[in-house]
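S.K.: Next up is a structure, given as structure tokens.
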Number of protein chains: 4
Amino acid sequence: MNIRMIQEGDFDQWLVLWQGYLDFYKVDLGELQNRAVWMRLMNEADPLQGFAAVEDDRLIGFAHFFFHGTTWYQTSYCYLEDLYVDQTVRSRGTGRALIAALKEVALSKGAAKLYWHTDKQNETAQALYNKVADLTDFIRYDIAL
Amino acid sequence: MNIRMIQEGDFDQWLVLWQGYLDFYKVDLGELQNRAVWMRLMNEADPLQGFAAVEDDRLIGFAHFFFHGTTWYQTSYCYLEDLYVDQTVRSRGTGRALIAALKEVALSKGAAKLYWHTDKQNETAQALYNKVADLTDFIRYDIAL
Amino acid sequence: MNIRMIQEGDFDQWLVLWQGYLDFYKVDLGELQNRAVWMRLMNEADPLQGFAAVEDDRLIGFAHFFFHGTTWYQTSYCYLEDLYVDQTVRSRGTGRALIAALKEVALSKGAAKLYWHTDKQNETAQALYNKVADLTDFIRYDIAL
Amino acid sequence: MNIRMIQEGDFDQWLVLWQGYLDFYKVDLGELQNRAVWMRLMNEADPLQGFAAVEDDRLIGFAHFFFHGTTWYQTSYCYLEDLYVDQTVRSRGTGRALIAALKEVALSKGAAKLYWHTDKQNETAQALYNKVADLTDFIRYDIAL
């Protein structure tokens, strides 16, 4: 298995994984939004970037992330927005490899921090996250608009 | 008291508040970083923006925020990165007014969500946040780089 | 006639003007791209912004612009990407008013320069531009990819 | 000679080249601005990126560029903002190699166009540009703010 940037020819396979990810969260964003995410991944003027985990030419996972400025550092934070691994290949270290690759890139790009959110009920995800990152004391408040 | 964008002439007063904010978190970022934050606030090519709460020509609070893309919506999220009110004028609704103004702007700019983090130990802040926003189930993981 | 930000309800009228603009350049970008431009105008996370010239609730012109960083200044440049006035209302100062409004905004946002390109054959446009801006000695090289 | 991204350890050598570039244009931006450009190059949250031309561990040229959105394409344009080659190593193809590397990157990132400006009096530069790019009919208008 190797990790590389998501690229033009990945669309069909990425879309299947993306749908799997959305199914996990029980949401349907519609075809227009799915296309919009893909266009952003392919558009260098947009901060959104993506990694693919690939095994025998098959996409088995992805990580969507972007760098943004921060008032506490002269460099950036890297935010891992979406992480997903094909359910049929779970527990083989794919999620861990995606995070490790992102950590390496964020480090090489001078970022001060790599961070992400997860639901406190998602214990499966936390089993991995507790091994590779620090659980912070931050809680999050939202105002839906 | 009224809320308006932070502007060129505010530097001296903003710096005092910013130092107060950093003191609260027991951090000292250094003069270079303080300047860098100010340059970002003044630079329209940088996403960082700021609101000032003003009473009788005196700055008594600020909110730093930026809009960023999101894979779940075609529009944006608005992230409230820093919020601070002069300790001597607390409990007069300044923090609430800053959040209300930001909510209004985020709404008018088409954002899907306004959100922020706080430390789970910061009960004073949560007393306000619980009145104006929804506490989510998100927890946050960090990897310091 | 007044100038204001392009807003949600303007889509139908904006689209007619945008098509007129593209017709002038003899290009057809397709419905998907037209939609994409509109989404960018409505998305605060995207730098693209737009002004509308409005007369009696009718859109008669637009200006699309964005701010970007520059290595020569700590602030920004404002780039006027598209400017168009309904052919039936030309010569009434609408283009000039759009540029004047943009100049004012760029100034208030601290930009160091407002600039745009035009084709050297477009003498009608230059008649206006020569009155409000400086023709530079810059020529432009392109590599189509 | 090879082309790679400008990286952390390049600062001292980059600064000498950057000063040479500014000398060519007879401008002095001051140390604060020089530092600000460097911080932007090192900050992944800022669109500005840089290539270095390196010969025997020595920096002999650079290219500063950024990708930005465009209303005519769903992808991006790549703008070459600054290009410079050490005067003592001119005419060895370094400028051409920097542009070729940038063209390759812009292509791989899906950009629709790579473009730049030059002064119409700068015939030395144009001798190169005429070989690798198309001189357009665009002229540029500026309003200094």
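Ligands are numbered from 1 in the order shown, chains are lettered A, B, ... in the order of the structure tokens, and residues start at 1 in each chain.
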Would you return as a ChimeraX atom specification the members of chain C that DSSP assigns to alpha helix (DSSP H) on this structure's backbone?

M.R.: /C:11-24,31-42,94-108,123-132

S.K.: Please, could you write that set of residues out with N, CA and C atoms as a short mmCIF file (atom, residue, chain, number, x, y, z; two decimals), in the first residue's frame?

M.R.:
data_model
loop_
_atom_site.label_atom_id
_atom_site.label_comp_id
_atom_site.auth_asym_id
_atom_site.auth_seq_id
_atom_site.Cartn_x
_atom_site.Cartn_y
_atom_site.Cartn_z
N PHE C 11 -28.91 36.43 -9.22
CA PHE C 11 -28.44 35.43 -10.16
C PHE C 11 -28.99 35.56 -11.59
N ASP C 12 -30.30 35.66 -11.73
CA ASP C 12 -30.90 35.69 -13.07
C ASP C 12 -30.40 36.88 -13.89
N GLN C 13 -30.38 38.03 -13.26
CA GLN C 13 -29.93 39.22 -13.99
C GLN C 13 -28.42 39.19 -14.24
N TRP C 14 -27.69 38.70 -13.27
CA TRP C 14 -26.23 38.59 -13.44
C TRP C 14 -25.91 37.66 -14.61
N LEU C 15 -26.66 36.56 -14.71
CA LEU C 15 -26.38 35.58 -15.75
C LEU C 15 -26.57 36.18 -17.15
N VAL C 16 -27.58 37.01 -17.30
CA VAL C 16 -27.82 37.66 -18.59
C VAL C 16 -26.63 38.57 -18.94
N LEU C 17 -26.18 39.34 -17.97
CA LEU C 17 -25.02 40.23 -18.20
C LEU C 17 -23.76 39.41 -18.50
N TRP C 18 -23.56 38.36 -17.70
CA TRP C 18 -22.37 37.50 -17.87
C TRP C 18 -22.34 36.89 -19.27
N GLN C 19 -23.51 36.47 -19.75
CA GLN C 19 -23.59 35.93 -21.12
C GLN C 19 -23.28 37.03 -22.13
N GLY C 20 -23.76 38.24 -21.87
CA GLY C 20 -23.45 39.35 -22.77
C GLY C 20 -21.95 39.63 -22.82
N TYR C 21 -21.34 39.56 -21.67
CA TYR C 21 -19.88 39.74 -21.56
C TYR C 21 -19.15 38.67 -22.36
N LEU C 22 -19.57 37.42 -22.19
CA LEU C 22 -18.91 36.32 -22.91
C LEU C 22 -19.17 36.43 -24.41
N ASP C 23 -20.38 36.84 -24.79
CA ASP C 23 -20.68 37.04 -26.22
C ASP C 23 -19.73 38.07 -26.83
N PHE C 24 -19.46 39.12 -26.08
CA PHE C 24 -18.54 40.16 -26.56
C PHE C 24 -17.18 39.56 -26.90
N GLU C 31 -22.77 25.96 -19.19
CA GLU C 31 -23.57 26.25 -18.01
C GLU C 31 -22.85 25.90 -16.72
N LEU C 32 -22.07 24.81 -16.74
CA LEU C 32 -21.37 24.38 -15.54
C LEU C 32 -20.39 25.46 -15.06
N GLN C 33 -19.66 26.05 -16.00
CA GLN C 33 -18.69 27.09 -15.62
C GLN C 33 -19.41 28.36 -15.16
N ASN C 34 -20.51 28.70 -15.85
CA ASN C 34 -21.28 29.88 -15.42
C ASN C 34 -21.72 29.72 -13.96
N ARG C 35 -22.21 28.53 -13.63
CA ARG C 35 -22.62 28.21 -12.26
C ARG C 35 -21.45 28.29 -11.29
N ALA C 36 -20.30 27.79 -11.76
CA ALA C 36 -19.10 27.77 -10.91
C ALA C 36 -18.68 29.20 -10.55
N VAL C 37 -18.75 30.11 -11.52
CA VAL C 37 -18.39 31.51 -11.26
C VAL C 37 -19.36 32.08 -10.22
N TRP C 38 -20.64 31.80 -10.41
CA TRP C 38 -21.63 32.29 -9.46
C TRP C 38 -21.38 31.76 -8.05
N MET C 39 -21.11 30.45 -7.94
CA MET C 39 -20.83 29.86 -6.63
C MET C 39 -19.63 30.55 -5.99
N ARG C 40 -18.62 30.86 -6.79
CA ARG C 40 -17.44 31.53 -6.23
C ARG C 40 -17.80 32.93 -5.72
N LEU C 41 -18.64 33.64 -6.48
CA LEU C 41 -19.05 34.98 -6.04
C LEU C 41 -19.81 34.91 -4.71
N MET C 42 -20.57 33.85 -4.52
CA MET C 42 -21.39 33.71 -3.31
C MET C 42 -20.62 33.09 -2.14
N THR C 94 -21.38 54.17 -16.35
CA THR C 94 -21.52 53.00 -15.47
C THR C 94 -20.18 52.31 -15.24
N GLY C 95 -19.40 52.13 -16.31
CA GLY C 95 -18.08 51.51 -16.18
C GLY C 95 -17.19 52.34 -15.26
N ARG C 96 -17.24 53.63 -15.49
CA ARG C 96 -16.45 54.55 -14.65
C ARG C 96 -16.87 54.47 -13.18
N ALA C 97 -18.16 54.36 -12.95
CA ALA C 97 -18.66 54.27 -11.57
C ALA C 97 -18.23 52.96 -10.91
N LEU C 98 -18.23 51.88 -11.68
CA LEU C 98 -17.79 50.59 -11.13
C LEU C 98 -16.31 50.66 -10.74
N ILE C 99 -15.50 51.24 -11.62
CA ILE C 99 -14.07 51.35 -11.31
C ILE C 99 -13.85 52.27 -10.11
N ALA C 100 -14.60 53.37 -10.05
CA ALA C 100 -14.46 54.30 -8.92
C ALA C 100 -14.82 53.61 -7.60
N ALA C 101 -15.89 52.82 -7.61
CA ALA C 101 -16.30 52.10 -6.39
C ALA C 101 -15.24 51.09 -5.99
N LEU C 102 -14.65 50.44 -6.97
CA LEU C 102 -13.62 49.44 -6.68
C LEU C 102 -12.36 50.11 -6.14
N LYS C 103 -12.03 51.24 -6.72
CA LYS C 103 -10.86 51.99 -6.24
C LYS C 103 -11.04 52.37 -4.77
N GLU C 104 -12.24 52.80 -4.44
CA GLU C 104 -12.54 53.20 -3.06
C GLU C 104 -12.42 52.02 -2.10
N VAL C 105 -12.98 50.88 -2.50
CA VAL C 105 -12.90 49.69 -1.66
C VAL C 105 -11.46 49.21 -1.52
N ALA C 106 -10.73 49.17 -2.64
CA ALA C 106 -9.34 48.70 -2.61
C ALA C 106 -8.50 49.59 -1.69
N LEU C 107 -8.77 50.87 -1.75
CA LEU C 107 -8.07 51.83 -0.89
C LEU C 107 -8.42 51.57 0.57
N SER C 108 -9.68 51.40 0.85
CA SER C 108 -10.11 51.20 2.24
C SER C 108 -9.60 49.86 2.79
N GLU C 123 -10.30 49.73 -28.26
CA GLU C 123 -10.14 51.19 -28.12
C GLU C 123 -11.26 51.84 -27.32
N THR C 124 -12.45 51.25 -27.42
CA THR C 124 -13.57 51.79 -26.65
C THR C 124 -13.25 51.74 -25.15
N ALA C 125 -12.79 50.58 -24.71
CA ALA C 125 -12.45 50.43 -23.30
C ALA C 125 -11.32 51.40 -22.92
N GLN C 126 -10.33 51.49 -23.77
CA GLN C 126 -9.17 52.33 -23.46
C GLN C 126 -9.54 53.81 -23.34
N ALA C 127 -10.56 54.22 -24.08
CA ALA C 127 -11.00 55.62 -23.98
C ALA C 127 -11.37 55.93 -22.53
N LEU C 128 -12.05 54.97 -21.89
CA LEU C 128 -12.38 55.15 -20.47
C LEU C 128 -11.14 54.97 -19.59
N TYR C 129 -10.41 53.88 -19.80
CA TYR C 129 -9.28 53.56 -18.91
C TYR C 129 -8.23 54.68 -18.88
N ASN C 130 -8.02 55.31 -20.05
CA ASN C 130 -7.03 56.39 -20.10
C ASN C 130 -7.41 57.57 -19.20
N LYS C 131 -8.70 57.68 -18.90
CA LYS C 131 -9.15 58.79 -18.05
C LYS C 131 -8.98 58.50 -16.56
N VAL C 132 -8.99 57.20 -16.19
CA VAL C 132 -9.04 56.87 -14.76
C VAL C 132 -7.81 56.12 -14.25
#

S.K.: Do me a favour and pick out the residues of chain D within 8 Å of chain A, using only C-alpha atoms, as a ChimeraX atom specification.

M.R.: /D:39,42-47,67-69,74-77,109-111

S.K.: Report, in Å with one decimal, the straight-line distance from CA of Ala112 (chain D) to CA of Trp72 (chain D).

M.R.: 9.3 Å

S.K.: Run DSSP on the backbone and grab whatever in region 2-136 of chain C lands in strand (DSSP E); send it over as a PyMOL selection string.

M.R.: chain C and resi 2-5+49-55+58-69+76-85+113-119+134-136

S.K.: Keeping only C-alpha atoms, take the residues you just selected and write them out as a CSV table (one decimal), in the first residue's frame.

M.R.:
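Result went into result-v6.csv, see below:
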chain,number,residue,atom,x,y,z
C,2,ASN,CA,-25.8,52.8,-7.5
C,3,ILE,CA,-23.0,50.3,-6.9
C,4,ARG,CA,-23.3,47.4,-4.4
C,5,MET,CA,-22.0,43.9,-3.8
C,49,GLN,CA,-16.0,39.2,-5.3
C,50,GLY,CA,-18.4,41.1,-7.4
C,51,PHE,CA,-19.9,44.6,-7.7
C,52,ALA,CA,-23.2,45.2,-9.4
C,53,ALA,CA,-24.3,48.5,-11.0
C,54,VAL,CA,-28.0,48.9,-10.3
C,55,GLU,CA,-30.5,51.3,-11.9
C,58,ARG,CA,-32.1,46.5,-12.7
C,59,LEU,CA,-28.6,45.2,-13.0
C,60,ILE,CA,-26.8,47.1,-15.8
C,61,GLY,CA,-23.2,46.2,-15.2
C,62,PHE,CA,-20.8,44.2,-13.0
C,63,ALA,CA,-17.2,44.1,-11.9
C,64,HIS,CA,-15.5,40.8,-10.7
C,65,PHE,CA,-12.3,41.3,-8.7
C,66,PHE,CA,-10.1,39.7,-6.1
C,67,PHE,CA,-7.3,40.7,-3.8
C,68,HIS,CA,-4.0,38.8,-3.9
C,69,GLY,CA,-0.6,39.0,-2.2
C,76,SER,CA,-2.2,43.4,-1.5
C,77,TYR,CA,-3.0,44.1,-5.1
C,78,CYS,CA,-6.6,44.2,-6.3
C,79,TYR,CA,-7.1,42.6,-9.7
C,80,LEU,CA,-10.2,43.6,-11.7
C,81,GLU,CA,-10.8,40.4,-13.7
C,82,ASP,CA,-14.0,41.1,-15.5
C,83,LEU,CA,-15.8,44.4,-16.2
C,84,TYR,CA,-19.0,44.7,-18.2
C,85,VAL,CA,-21.8,47.2,-18.8
C,113,LYS,CA,-2.6,48.9,-6.4
C,114,LEU,CA,-5.7,48.3,-8.5
C,115,TYR,CA,-5.0,46.9,-12.0
C,116,TRP,CA,-6.5,45.1,-15.0
C,117,HIS,CA,-5.7,44.0,-18.5
C,118,THR,CA,-7.3,44.9,-21.7
C,119,ASP,CA,-6.7,44.0,-25.3
C,134,ASP,CA,-2.2,54.7,-15.9
C,135,LEU,CA,-1.3,52.7,-19.0
C,136,THR,CA,1.8,50.8,-18.0
